[in-house]
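Chemist: Input: one structure, supplied below.
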Amino acid sequence: MDNLSFDDFLKVDIRVGTVVRAEPFPEARKPAIKLWVDFGGEIGERKTSAQITVHYDPATLIGRQVMAVVNFPPRQIGPFMSEVLVLGVPDDDGAIVLLSPDSKVPDGGRMH
């Protein structure tokens with residue numbers, strides 16, 4: 001793995017946001033959920049899709065805070081335009097577990 005400079009790290013804008021809407025994404029090639037995440041006043045609401053169906057269903061995601069990269073260019077995922085990348089790590093079986101703060105913080109806060 002290549003070393004990264006601190007300036008390179010600062011280019012990646014990782015923020016916290018709250019899921020305000022979540023829906024199944026049956027058109028996706030792999031099982032996924034569409035998410036709308038509110039990052040607060042400066043960034044606003046952005047949408048994404050995530051392959052997180054093993055541990056989550058849409059109803060349980062509403063109100064949950066998640067971490068996401070907010071400065072990637074939008075990416076077309078089938079019929080859906082993804083605007084951010086929510087972050088997660090794999091469990092022992094490879095299913096994604098979302099990254100989130102362990103207590104409530106203001107939406108839009110940048111990871112340090």
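Ligands are numbered from 1 in the order shown, chains are lettered A, B, ... in the order of the structure tokens, and residues start at 1 in each chain.
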Please, which residues in segment 46-67 of chain A fall within 7 Å of segment 75-94 of chain A when counting only C-alpha atoms, and what is the closest atom pair and distance in Å to one decimal for each, ordered by chain then residue number, as CSV?

Modeler:
residue,atom,partner,partner_atom,distance
A:Arg46,CA,A:Glu83,CA,5.9
A:Lys47,CA,A:Glu83,CA,5.5
A:Thr48,CA,A:Ser82,CA,4.2
A:Ser49,CA,A:Ser82,CA,6.2
A:Val66,CA,A:Val86,CA,6.9
A:Met67,CA,A:Leu87,CA,5.7

Chemist: Set the distance at 7 Å and use only C-alpha atoms: which residues neighbour Pro24 of chain A once local chain neighbours fewer than 3 positions away are removed? I'd like the list as number ranges by chain.

Modeler: A: 32-34, 58

Chemist: Point out the residue among A:Ala28, A:Val19, A:Met111, A:Ala95 with the least atom-to-atom distance to Gly40 of chain A, counting only C-alpha atoms.

Modeler: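 Closest candidate: A:Val19.
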
Chemist: Could you tell me which of A:Gly17, A:Val54, A:Arg29, A:Arg64 comes closest to Glu42 of chain A if we count only C-alpha atoms?

Modeler: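 Looking at the shortest contact to Glu42 of chain A, the residue is A:Gly17.
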
Chemist: Between A:Asp107, A:Ser100, A:Thr53, A:His112, which residue has the minimum interatomic distance to Phe25 of chain A, considering only C-alpha atoms?

Modeler: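 For Phe25 of chain A, the nearest of the given residues is A:Thr53.
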
Chemist: Kindly indicate which residue among A:Leu98, A:Val69, A:Pro74, A:Trp36 lies nearest to Gln51 of chain A, using only C-alpha atoms for the distances.

Modeler: A:Leu98
